[in-house]
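What follows is work-v7.csv (CSV, C-alpha atoms).
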```csv
chain,number,residue,atom,x,y,z
M,1102,MET,CA,-73.0,85.5,129.1
M,1103,LYS,CA,-71.7,88.9,128.1
M,1104,SER,CA,-74.4,90.8,130.1
M,1105,ASP,CA,-73.6,88.7,133.2
M,1106,PHE,CA,-69.9,89.4,132.7
M,1107,PHE,CA,-70.6,93.1,133.0
M,1108,LYS,CA,-73.2,92.6,135.7
M,1109,TYR,CA,-71.4,90.3,138.1
M,1110,GLN,CA,-67.6,90.4,137.4
M,1111,ALA,CA,-65.5,93.3,138.5
M,1112,GLN,CA,-63.9,95.2,135.7
M,1113,THR,CA,-60.4,96.7,135.4
M,1114,SER,CA,-61.0,99.1,132.5
M,1115,PRO,CA,-64.0,101.0,131.2
M,1116,TYR,CA,-64.1,99.2,127.9
M,1117,PRO,CA,-63.0,95.5,128.1
M,1118,LEU,CA,-62.6,93.7,124.8
M,1119,ALA,CA,-65.3,91.2,126.1
M,1120,LEU,CA,-64.7,88.4,123.6
M,1121,GLU,CA,-66.8,85.4,124.6
M,1122,ILE,CA,-64.3,82.6,124.6
M,1123,ALA,CA,-65.3,79.0,123.8
M,1124,LYS,CA,-62.0,77.3,123.3
M,1125,ALA,CA,-58.3,77.8,122.4
M,1126,ASP,CA,-55.8,75.7,120.6
M,1127,GLY,CA,-52.2,76.4,119.5
M,1128,SER,CA,-51.9,79.9,118.3
M,1129,TYR,CA,-55.7,80.5,118.0
M,1130,ILE,CA,-58.6,81.4,120.3
M,1131,TYR,CA,-62.2,80.7,119.3
M,1132,ASP,CA,-65.3,82.6,120.3
M,1133,ILE,CA,-68.8,81.2,120.9
M,1134,ASN,CA,-69.6,81.7,117.2
M,1135,ASN,CA,-66.6,79.6,116.3
M,1136,LYS,CA,-64.7,82.6,114.8
M,1137,LYS,CA,-61.0,82.1,115.3
M,1138,TYR,CA,-58.5,84.7,116.2
M,1139,LEU,CA,-54.7,84.4,115.7
M,1140,ASP,CA,-53.3,85.2,119.1
M,1141,PHE,CA,-50.4,87.7,119.1
M,1142,ILE,CA,-50.9,88.4,122.9
M,1143,ALA,CA,-50.4,84.9,124.5
M,1144,GLY,CA,-52.2,85.9,127.6
M,1145,VAL,CA,-49.9,88.9,127.9
M,1146,SER,CA,-46.7,86.8,127.5
M,1147,ALA,CA,-48.1,83.9,129.7
M,1148,ASN,CA,-48.9,81.1,127.2
M,1149,THR,CA,-45.3,80.2,126.3
M,1150,LEU,CA,-46.3,77.0,124.4
M,1151,GLY,CA,-49.5,78.4,123.0
M,1152,HIS,CA,-53.0,77.2,124.0
M,1153,ASN,CA,-53.9,73.7,125.1
M,1154,HIS,CA,-50.4,72.3,124.6
M,1155,PRO,CA,-50.8,68.5,125.0
M,1156,LYS,CA,-47.7,68.1,127.2
M,1157,VAL,CA,-48.9,70.7,129.6
M,1158,ILE,CA,-52.5,69.4,129.6
M,1159,ASN,CA,-51.3,65.8,130.2
M,1160,ALA,CA,-49.1,67.0,133.1
M,1161,ILE,CA,-52.0,68.7,134.7
M,1162,LYS,CA,-54.3,65.6,134.3
M,1163,ASP,CA,-51.6,63.2,135.6
M,1164,GLN,CA,-51.0,65.3,138.7
M,1165,ALA,CA,-54.7,65.8,139.3
M,1166,ASP,CA,-55.1,62.1,139.6
M,1167,LYS,CA,-52.5,62.0,142.4
M,1168,TYR,CA,-53.2,64.9,144.7
M,1169,LEU,CA,-54.1,68.6,144.7
M,1170,HIS,CA,-53.2,70.9,147.6
M,1171,VAL,CA,-52.0,68.9,150.6
M,1172,MET,CA,-50.1,71.4,152.8
M,1173,VAL,CA,-48.8,75.0,153.0
M,1174,TYR,CA,-45.7,75.7,151.0
M,1175,GLY,CA,-42.4,74.4,152.3
M,1176,GLU,CA,-43.6,71.8,154.8
M,1177,PHE,CA,-44.2,68.6,152.7
M,1178,VAL,CA,-41.9,67.2,150.1
M,1179,GLN,CA,-44.0,67.3,146.8
M,1180,LYS,CA,-42.4,66.0,143.7
M,1181,PRO,CA,-43.7,68.7,141.2
M,1182,GLN,CA,-42.3,71.5,143.4
M,1183,VAL,CA,-38.9,69.8,143.9
M,1184,GLU,CA,-38.5,68.8,140.2
M,1185,LEU,CA,-39.5,72.3,139.0
M,1186,SER,CA,-37.1,74.0,141.4
M,1187,LYS,CA,-34.3,71.6,140.5
M,1188,LEU,CA,-34.8,72.2,136.7
M,1189,LEU,CA,-34.8,76.0,137.2
M,1190,VAL,CA,-31.6,75.9,139.2
M,1191,LYS,CA,-29.8,73.5,136.8
M,1192,ASN,CA,-30.4,76.1,134.0
M,1193,LEU,CA,-29.4,79.2,135.9
M,1194,PRO,CA,-26.0,80.6,137.0
M,1195,ASP,CA,-24.5,79.0,140.1
M,1196,GLU,CA,-25.4,82.0,142.3
M,1197,LEU,CA,-29.1,81.5,141.7
M,1198,ASN,CA,-29.5,78.1,143.4
M,1199,SER,CA,-32.6,78.4,145.7
M,1200,VAL,CA,-36.2,78.8,144.5
M,1201,TYR,CA,-39.2,80.2,146.3
M,1202,LEU,CA,-42.4,79.4,144.4
M,1203,THR,CA,-45.4,81.8,144.5
M,1204,ASN,CA,-48.8,82.2,143.0
M,1205,SER,CA,-47.9,85.1,140.7
M,1206,GLY,CA,-45.3,87.5,139.5
M,1207,THR,CA,-46.4,90.3,141.8
M,1208,GLU,CA,-46.1,88.0,144.8
M,1209,ALA,CA,-42.6,87.1,143.7
M,1210,THR,CA,-41.8,90.8,143.6
M,1211,GLU,CA,-43.1,91.1,147.2
M,1212,GLY,CA,-40.9,88.2,148.3
M,1213,ALA,CA,-37.8,89.6,146.5
M,1214,LEU,CA,-38.2,93.0,148.2
M,1215,LYS,CA,-38.6,91.4,151.6
M,1216,LEU,CA,-35.6,89.2,151.0
M,1217,ALA,CA,-33.4,92.2,150.0
M,1218,LYS,CA,-34.4,94.0,153.2
M,1219,ARG,CA,-33.7,90.9,155.3
M,1220,VAL,CA,-30.3,90.2,153.8
M,1221,THR,CA,-29.0,93.8,153.9
M,1222,GLY,CA,-30.7,95.1,157.0
M,1223,ARG,CA,-31.6,98.2,155.0
M,1224,PHE,CA,-35.0,99.5,153.8
M,1225,GLU,CA,-34.3,101.9,150.9
M,1226,ILE,CA,-35.3,100.6,147.5
M,1227,ILE,CA,-34.3,102.1,144.1
M,1228,ALA,CA,-36.6,101.5,141.2
M,1229,ALA,CA,-37.0,102.9,137.7
M,1230,LYS,CA,-39.4,105.5,136.3
M,1231,ASN,CA,-42.1,103.9,134.2
M,1232,ALA,CA,-41.5,100.5,135.7
M,1233,TYR,CA,-44.1,97.9,136.3
M,1234,HIS,CA,-43.6,95.1,138.8
M,1235,GLY,CA,-47.1,94.1,139.7
M,1236,ASN,CA,-50.2,95.5,141.4
M,1237,THR,CA,-50.1,94.6,145.1
M,1238,GLN,CA,-49.1,97.5,147.3
M,1239,GLY,CA,-45.5,96.6,147.8
M,1240,ALA,CA,-45.0,96.0,144.0
M,1241,MET,CA,-46.9,99.2,143.2
M,1242,SER,CA,-44.5,101.1,145.5
M,1243,VAL,CA,-41.7,100.3,143.1
M,1244,CYS,CA,-43.7,101.0,140.0
M,1245,GLY,CA,-42.6,104.4,138.6
M,1246,LYS,CA,-45.8,105.8,137.1
M,1247,GLU,CA,-47.5,108.2,139.5
M,1248,GLU,CA,-50.8,108.3,137.5
M,1249,GLN,CA,-51.2,104.6,138.5
M,1250,ASN,CA,-50.1,105.1,142.1
M,1251,ARG,CA,-51.5,108.3,143.4
M,1252,ALA,CA,-55.0,107.0,144.1
M,1253,PHE,CA,-53.6,104.3,146.4
M,1254,ARG,CA,-51.1,106.3,148.4
M,1255,PRO,CA,-49.6,106.0,151.0
M,1256,LEU,CA,-47.6,103.1,149.7
M,1257,ILE,CA,-44.4,101.6,151.1
M,1258,PRO,CA,-41.9,104.4,152.1
M,1259,GLY,CA,-38.2,104.6,151.3
M,1260,VAL,CA,-38.4,104.2,147.5
M,1261,LYS,CA,-36.5,106.4,145.1
M,1262,PHE,CA,-36.7,106.4,141.3
M,1263,LEU,CA,-34.0,106.6,138.7
M,1264,GLU,CA,-34.3,106.9,134.9
M,1265,PHE,CA,-33.7,103.6,133.1
M,1266,ASN,CA,-30.5,103.7,131.0
M,1267,ASN,CA,-29.3,107.0,132.6
M,1268,ASP,CA,-25.8,106.4,134.0
M,1269,SER,CA,-25.8,109.7,136.0
M,1270,ASP,CA,-28.7,108.4,138.1
M,1271,LEU,CA,-26.6,105.6,139.5
M,1272,GLU,CA,-25.4,108.0,142.2
M,1273,LEU,CA,-28.8,107.4,143.8
M,1274,ILE,CA,-27.6,104.0,144.8
M,1275,THR,CA,-25.8,104.4,148.2
M,1276,ASN,CA,-24.9,102.5,151.3
M,1277,ARG,CA,-28.4,103.1,152.5
M,1278,THR,CA,-29.8,101.1,149.6
M,1279,ALA,CA,-31.1,97.6,150.2
M,1280,ALA,CA,-31.8,96.8,146.5
M,1281,VAL,CA,-32.2,98.1,143.1
M,1282,ILE,CA,-35.1,96.5,141.3
M,1283,LEU,CA,-35.3,96.8,137.5
M,1284,GLU,CA,-37.0,95.0,134.6
M,1285,THR,CA,-34.4,93.5,132.4
M,1286,ILE,CA,-36.3,94.9,129.5
M,1287,GLN,CA,-38.8,97.6,130.5
M,1288,GLY,CA,-42.2,96.3,129.6
M,1289,GLY,CA,-45.0,98.8,130.3
M,1290,ALA,CA,-42.7,101.6,129.3
M,1291,GLY,CA,-42.5,100.3,125.7
M,1292,PHE,CA,-40.2,97.2,125.6
M,1293,ILE,CA,-37.1,99.3,126.2
M,1294,GLU,CA,-33.8,97.4,126.3
M,1295,PRO,CA,-30.8,98.3,128.4
M,1296,LYS,CA,-28.0,100.1,126.5
M,1297,ASN,CA,-24.3,100.6,126.9
M,1298,ASP,CA,-23.8,97.9,129.5
M,1299,TYR,CA,-26.4,99.6,131.7
M,1300,LEU,CA,-27.3,96.6,133.8
M,1301,LYS,CA,-23.6,95.7,134.4
M,1302,LYS,CA,-23.0,99.3,135.6
M,1303,VAL,CA,-26.0,99.0,138.0
M,1304,LYS,CA,-24.7,95.6,139.3
M,1305,GLN,CA,-21.2,97.1,139.8
M,1306,LYS,CA,-22.6,100.0,141.8
M,1307,CYS,CA,-24.7,97.7,143.9
M,1308,LYS,CA,-21.7,95.6,144.7
M,1309,GLN,CA,-19.7,98.7,145.7
M,1310,VAL,CA,-22.3,99.8,148.3
M,1311,GLY,CA,-23.5,96.4,149.5
M,1312,ALA,CA,-26.9,96.6,147.8
M,1313,LEU,CA,-28.6,93.7,145.9
M,1314,LEU,CA,-29.7,93.8,142.3
M,1315,ILE,CA,-33.2,92.4,141.7
M,1316,LEU,CA,-34.1,91.7,138.0
M,1317,ASP,CA,-37.7,91.3,137.1
M,1318,GLU,CA,-38.0,88.8,134.3
M,1319,ILE,CA,-41.8,88.2,134.6
M,1320,GLN,CA,-42.3,89.2,131.0
M,1321,SER,CA,-38.8,88.7,129.5
M,1322,GLY,CA,-38.0,85.3,131.0
M,1323,VAL,CA,-38.7,81.7,130.0
M,1324,GLY,CA,-37.2,81.8,126.5
M,1325,ARG,CA,-39.0,84.9,125.2
M,1326,THR,CA,-35.8,86.8,124.3
M,1327,GLY,CA,-33.8,84.0,122.8
M,1328,LYS,CA,-32.2,83.0,126.1
M,1329,PHE,CA,-33.8,81.2,129.1
M,1330,TYR,CA,-33.8,84.5,131.0
M,1331,GLY,CA,-33.3,87.9,129.5
M,1332,PHE,CA,-30.3,88.9,131.7
M,1333,GLU,CA,-28.2,86.4,129.8
M,1334,ASN,CA,-28.3,88.7,126.8
M,1335,TYR,CA,-26.6,91.5,128.8
M,1336,ASN,CA,-23.7,89.8,130.6
M,1337,VAL,CA,-25.1,90.4,134.1
M,1338,ILE,CA,-26.3,88.1,136.9
M,1339,PRO,CA,-28.9,89.4,139.4
M,1340,ASP,CA,-28.7,88.8,143.1
M,1341,ILE,CA,-32.4,88.0,143.1
M,1342,LEU,CA,-34.3,86.9,140.0
M,1343,VAL,CA,-38.1,87.4,139.8
M,1344,THR,CA,-40.1,85.3,137.4
M,1345,GLY,CA,-43.7,84.4,136.5
M,1346,LYS,CA,-46.1,84.6,133.5
M,1347,GLY,CA,-44.7,82.3,130.9
M,1348,LEU,CA,-43.2,79.9,133.5
M,1349,GLY,CA,-46.6,78.3,134.1
M,1350,GLY,CA,-47.5,77.6,130.5
M,1351,GLY,CA,-50.8,79.2,131.0
M,1352,MET,CA,-51.2,78.5,134.7
M,1353,PRO,CA,-50.7,81.1,137.5
M,1354,ILE,CA,-47.2,81.0,139.0
M,1355,GLY,CA,-44.3,83.2,140.1
M,1356,ALA,CA,-41.0,82.6,141.8
M,1357,PHE,CA,-38.1,84.6,143.3
M,1358,ILE,CA,-34.7,82.9,143.1
M,1359,SER,CA,-31.5,83.8,144.9
M,1360,SER,CA,-28.6,82.1,146.7
M,1361,LYS,CA,-29.2,79.5,149.4
M,1362,GLU,CA,-27.4,81.8,151.8
M,1363,ASN,CA,-29.8,84.6,151.1
M,1364,MET,CA,-32.9,82.5,151.2
M,1365,TYR,CA,-32.0,81.0,154.5
M,1366,THR,CA,-32.5,84.4,156.2
M,1367,LEU,CA,-36.3,83.9,155.7
M,1368,THR,CA,-36.2,80.9,158.0
M,1369,LYS,CA,-35.2,82.6,161.2
M,1370,ASN,CA,-35.4,85.8,163.2
M,1371,PRO,CA,-38.3,85.6,162.6
M,1372,LYS,CA,-39.1,82.1,161.3
M,1373,LEU,CA,-41.8,82.0,158.7
M,1374,GLY,CA,-40.2,85.1,157.1
M,1375,HIS,CA,-42.2,84.6,154.0
M,1376,ILE,CA,-45.1,82.1,153.7
M,1377,THR,CA,-47.8,81.2,151.3
M,1378,THR,CA,-50.6,78.6,151.3
M,1379,PHE,CA,-50.9,77.8,147.6
M,1380,GLY,CA,-47.5,78.9,146.2
M,1381,GLY,CA,-46.0,75.9,144.3
M,1382,HIS,CA,-49.4,74.3,144.0
M,1383,PRO,CA,-48.7,70.7,142.7
M,1384,ILE,CA,-50.8,71.0,139.5
M,1385,ILE,CA,-49.3,74.4,138.6
M,1386,ALA,CA,-45.8,73.2,139.4
M,1387,ALA,CA,-46.4,70.1,137.1
M,1388,ALA,CA,-47.6,72.4,134.3
M,1389,ALA,CA,-44.5,74.6,134.7
M,1390,LEU,CA,-42.2,71.6,134.8
M,1391,ALA,CA,-43.8,70.3,131.5
M,1392,THR,CA,-43.4,73.8,130.0
M,1393,LEU,CA,-39.7,74.0,130.8
M,1394,GLN,CA,-39.0,70.4,129.7
M,1395,GLU,CA,-40.5,71.2,126.3
M,1396,LEU,CA,-38.5,74.3,126.0
M,1397,PHE,CA,-35.2,72.6,126.9
M,1398,HIS,CA,-35.9,69.6,124.6
M,1399,SER,CA,-36.8,71.7,121.6
M,1400,SER,CA,-35.4,74.5,119.5
M,1401,LEU,CA,-38.1,77.0,120.6
M,1402,ILE,CA,-35.8,79.3,122.6
M,1403,GLU,CA,-33.2,79.7,119.9
M,1404,ASN,CA,-35.9,80.0,117.2
M,1405,THR,CA,-37.4,83.1,118.9
M,1406,LEU,CA,-34.6,85.2,117.4
M,1407,LYS,CA,-35.3,83.8,113.9
M,1408,LYS,CA,-38.9,84.6,114.3
M,1409,GLU,CA,-38.0,88.1,115.5
M,1410,LYS,CA,-36.1,88.6,112.3
M,1411,LEU,CA,-39.1,87.6,110.3
M,1412,PHE,CA,-41.4,90.0,112.2
M,1413,ARG,CA,-38.9,92.8,111.5
M,1414,LYS,CA,-38.5,91.9,107.9
M,1415,LEU,CA,-42.3,91.9,107.3
M,1416,LEU,CA,-43.4,94.8,109.4
M,1417,VAL,CA,-42.1,97.6,107.3
M,1418,HIS,CA,-44.6,100.5,106.8
M,1419,PRO,CA,-44.3,104.3,106.7
M,1420,SER,CA,-46.4,104.6,109.8
M,1421,ILE,CA,-44.1,102.4,111.9
M,1422,VAL,CA,-41.6,104.5,113.7
M,1423,GLU,CA,-39.6,101.6,115.2
M,1424,ILE,CA,-40.0,98.1,116.5
M,1425,ARG,CA,-38.6,97.7,120.0
M,1426,GLY,CA,-37.7,94.7,122.1
M,1427,LYS,CA,-36.0,91.4,121.6
M,1428,GLY,CA,-37.1,87.9,120.5
M,1429,LEU,CA,-40.8,87.5,120.7
M,1430,MET,CA,-41.2,90.4,123.1
M,1431,LEU,CA,-41.8,93.1,120.5
M,1432,ALA,CA,-43.6,96.5,120.4
M,1433,ILE,CA,-44.6,98.3,117.2
M,1434,ILE,CA,-44.3,102.0,117.8
M,1435,LEU,CA,-46.6,104.1,115.6
M,1436,LYS,CA,-46.6,107.9,115.1
M,1437,LYS,CA,-49.8,108.5,117.2
M,1438,SER,CA,-51.6,106.7,119.9
M,1439,ASP,CA,-54.9,107.0,117.9
M,1440,TYR,CA,-53.3,104.9,115.2
M,1441,ALA,CA,-52.4,102.2,117.7
M,1442,ASN,CA,-55.9,102.1,119.2
M,1443,LYS,CA,-57.5,101.8,115.7
M,1444,VAL,CA,-55.2,99.0,114.6
M,1445,ILE,CA,-55.7,97.0,117.9
M,1446,LEU,CA,-59.4,97.3,117.9
M,1447,ASN,CA,-59.9,96.8,114.1
M,1448,ALA,CA,-57.6,93.7,114.2
M,1449,ILE,CA,-60.3,91.9,116.2
M,1450,ASP,CA,-62.7,92.1,113.4
M,1451,ASN,CA,-60.0,90.7,111.1
M,1452,GLY,CA,-59.3,87.7,113.3
M,1453,LEU,CA,-56.1,89.0,115.0
M,1454,LEU,CA,-55.5,89.7,118.7
M,1455,LEU,CA,-53.2,92.5,119.5
M,1456,PHE,CA,-52.9,94.5,122.7
M,1457,TRP,CA,-51.6,97.7,124.3
M,1458,LEU,CA,-48.7,98.4,126.6
M,1459,LEU,CA,-49.4,100.1,130.0
M,1460,PHE,CA,-47.4,103.3,129.7
M,1461,GLU,CA,-46.6,103.7,126.0
M,1462,PRO,CA,-49.8,104.7,124.1
M,1463,LYS,CA,-48.2,104.6,120.7
M,1464,ALA,CA,-47.3,100.9,121.1
M,1465,ILE,CA,-48.8,97.7,119.8
M,1466,ARG,CA,-47.8,94.6,121.7
M,1467,ILE,CA,-46.5,91.6,119.8
M,1468,THR,CA,-45.9,88.7,122.2
M,1469,PRO,CA,-47.2,85.6,120.6
M,1470,PRO,CA,-46.6,82.0,121.9
M,1471,LEU,CA,-43.1,80.8,121.3
M,1472,THR,CA,-44.7,78.0,119.3
M,1473,ILE,CA,-46.1,80.3,116.6
M,1474,SER,CA,-45.3,79.2,113.1
M,1475,LYS,CA,-43.7,81.2,110.3
M,1476,ASN,CA,-46.9,81.0,108.3
M,1477,GLU,CA,-48.9,82.4,111.3
M,1478,ILE,CA,-46.4,85.2,111.7
M,1479,LYS,CA,-46.8,86.1,108.0
M,1480,GLU,CA,-50.6,86.0,108.2
M,1481,GLY,CA,-50.7,88.2,111.3
M,1482,CYS,CA,-48.2,90.7,109.8
M,1483,ARG,CA,-50.3,90.9,106.6
M,1484,ILE,CA,-53.4,91.8,108.7
M,1485,ILE,CA,-51.4,94.5,110.5
M,1486,LEU,CA,-50.0,96.0,107.3
M,1487,ASP,CA,-53.5,96.0,105.7
M,1488,LEU,CA,-54.9,97.7,108.8
M,1489,LEU,CA,-52.2,100.4,108.8
M,1490,ASP,CA,-53.1,101.1,105.1
M,1491,GLN,CA,-56.8,101.3,106.0
M,1492,THR,CA,-56.2,103.5,108.9
M,1493,ASN,CA,-54.3,106.0,106.7
M,1494,CYS,CA,-51.6,106.4,109.3
```
Serialized structure, structure tokens:
Amino acid sequence: MKSDFFKYQAQTSPYPLALEIAKADGSYIYDINNKKYLDFIAGVSANTLGHNHPKVINAIKDQADKYLHVMVYGEFVQKPQVELSKLLVKNLPDELNSVYLTNSGTEATEGALKLAKRVTGRFEIIAAKNAYHGNTQGAMSVCGKEEQNRAFRPLIPGVKFLEFNNDSDLELITNRTAAVILETIQGGAGFIEPKNDYLKKVKQKCKQVGALLILDEIQSGVGRTGKFYGFENYNVIPDILVTGKGLGGGMPIGAFISSKENMYTLTKNPKLGHITTFGGHPIIAAAALATLQELFHSSLIENTLKKEKLFRKLLVHPSIVEIRGKGLMLAIILKKSDYANKVILNAIDNGLLLFWLLFEPKAIRITPPLTISKNEIKEGCRIILDLLDQTNC
């Protein structure tokens, strides 16, 4: 199967990990030789409840017995879509009361950018350097890493970039600005948190000039930082919220969420201002609904902070410069990128799955399922520390 993988399936990197997967359960993935791997990646923050969670699987099976796709999004009343949207709104600030479901986070970014332009009548977008919001052309246009973008230019015009956490750059936000789009916690850049009320200052400046604040919670949302969405940690409410990844419990989903007043602008002048065929697919919506219900009826969200403390307590080593992030969105920063590469690759042989970050080569991603146990955390950290010793970092 591996040879066919390379022969027939398009690749995104020169050297994929190419593990041949047979099954997955809980915090573990199993290859075709039945070797198990403790998963500290969670599908890049997507598998909120781990692998093969029974409540998610049962929701998928139950919905599959009723109906699959029946109509393009927004025309028929479909219970999984309605119940998911309702549950999201019930657990968000009052201003965020209308949900548009999409197939992915990058599509949610596209919708959010369109919505901001439609609401304000402006086209200038302010984004952050080293940001990542997705990989379609509109989303790439607000990703602030030229090495990734230059091969695909021209992208969407009218985008300016500020430096995250730099107050002086807020002067870039003017009465020409439709929206500022930021990750609540910068992901690809190295899990960088906002400091000194930075997000509040951005929101205040947006309000002054009539711009909207879009917060991208594709990675930091759905309980990963100890709150339902990461912005709750920083005393700010976005005008548009972008979500995805962990919302689906392992199924592909995204959403952009704003006020009913804002969303209504997509229904007229022109009508069909944003459309999708499969967004809010009933099976995926059912899986997402089951994921949220489990989060809200358990202590998983609040326990992420306890698990973060355990990671920080255990991961002490001379080669670790710092651990960035919040909750179960953590990045180990080593002294050199070579060290990070060796640890990540050697971890596979030792039954642990780690991964890189897009734009911070010295980082090791730690984003396990929220369901990970204390013993599993201890086991994974032991492997990491042993590998750091062996690597002679």
| request: Identify, on the basis of only C-alpha atoms, every residue whose closest approach to Ala1165 (chain M) does not exceed 12 Å; exclude the query and any residue fewer than 3 positions from it along the same chain; express the result as a list in words. | output: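 Skipping anything fewer than 3 positions along the chain leaves Ile1158, Asn1159, Ala1160, Ile1161, Lys1162, Tyr1168, Leu1169, His1170, Pro1181, His1382, Pro1383, Ile1384, Ile1385, Ala1386, Ala1387 and Ala1388 of chain M.
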| field | Selected residue, from M:Glu1333, M:Glu1461, M:Asp1487, M:Asp1340, that lies nearest to Leu1416 (chain M) when counting all atoms listed in the file | value | M:Asp1487
| request: Quick one: pull the distance between CA of Gly1374 (chain M) and CA of Val1323 (chain M), Å, one decimal. | output: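 So the answer is 27.4 Å.
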| query | For Gly1259 (chain M), which residue out of M:Glu1225, M:Asp1140, M:Glu1196, M:Asp1126 is the nearest one, using all atoms listed in the file? | reply | M:Glu1225
| message | If we count only C-alpha atoms and set the cut-off at 7 Å, which residues sit around region 1200-1217 of chain M, ignoring sequence neighbours fewer than 2 positions away in its own chain? Please answer as an MDAnalysis selection string. | response | chainID M and resid 1186 1198 1219:1221 1234:1237 1239:1240 1279:1280 1313 1319 1341 1343:1346 1353:1359 1375 1379:1381
| task | Determine the nearest neighbour of Lys1187 (chain M) from the options M:Leu1454, M:Ala1229, M:Ile1434, M:Leu1393, counting all atoms listed in the file. | result |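 Nearest to Lys1187 (chain M): M:Leu1393.
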| query | Hey, can you check how far CA of Ile1338 (chain M) sits from CA of Asn1231 (chain M)? | reply |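 We find that CA of Ile1338 (chain M) and CA of Asn1231 (chain M) lie 22.5 Å from each other.
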| request: Give me, please, the distance in Å between CA of Tyr1116 (chain M) and CA of Gly1245 (chain M), quoted to one decimal. | output: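 Separation of CA of Tyr1116 (chain M) and CA of Gly1245 (chain M): 24.6 Å.
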| request: Extract, using all atoms listed in the file, all DNA, RNA and protein residues at most 7 Å from Gly1151 (chain M), discarding same-chain residues fewer than 3 positions from it, and format them as a ChimeraX atom specification. | output: /M:1127-1128,1143,1148,1154,1470,1472
| query | When distances are computed from all atoms listed in the file, which of M:Leu1390, M:Val1417, M:Ala1125, M:Val1303 shows the smallest separation from His1152 (chain M)? | reply |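 Closest to His1152 (chain M) of all the choices is M:Ala1125.
Closest approach to Glu1248 (chain M) among M:Thr1285, M:Leu1459, M:Leu1342, M:Thr1405: M:Leu1459, based on only C-alpha atoms.
Across M:Leu1455, M:Ile1465, M:Val1183, M:Ala1448, the tightest approach to Ile1484 (chain M) is made by M:Ala1448 when counting all atoms listed in the file.
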| request: Could you give me, as a PyMOL selection string, the residues within 7 Å of region 1287-1294 of chain M, counting only C-alpha atoms and dropping anything in the same chain fewer than 5 positions from it? | output: chain M and resi 1231-1233+1425-1426+1431-1432+1458-1461+1464
| said: Set the distance at 9 Å and use all atoms listed in the file: which residues neighbour Lys1479 (chain M) once local chain neighbours fewer than 4 positions away are removed? I'd like the list as a VMD selection string. | reply: chain M and resid 1411 to 1412 1415 1474 to 1475 1483 to 1484
| List as a ChimeraX atom specification: which residues have an atom within 8 Å of (-47.2, 89.3, 128.0), counting all atoms listed in the file? | /M:1142-1147,1320,1346-1347,1430,1468
Neighbourhood query: residues within 9 Å of (-36.1, 91.4, 114.0), file coordinates, counting only C-alpha atoms; return as a tab-separated table (two decimals) with C-alpha atoms, in the frame of the given file.
```tsv
chain	number	residue	atom	x	y	z
M	1406	LEU	CA	-34.60	85.20	117.40
M	1407	LYS	CA	-35.30	83.80	113.90
M	1408	LYS	CA	-38.90	84.60	114.30
M	1409	GLU	CA	-38.00	88.10	115.50
M	1410	LYS	CA	-36.10	88.60	112.30
M	1411	LEU	CA	-39.10	87.60	110.30
M	1412	PHE	CA	-41.40	90.00	112.20
M	1413	ARG	CA	-38.90	92.80	111.50
M	1414	LYS	CA	-38.50	91.90	107.90
M	1424	ILE	CA	-40.00	98.10	116.50
M	1426	GLY	CA	-37.70	94.70	122.10
M	1427	LYS	CA	-36.00	91.40	121.60
M	1428	GLY	CA	-37.10	87.90	120.50
M	1431	LEU	CA	-41.80	93.10	120.50
```
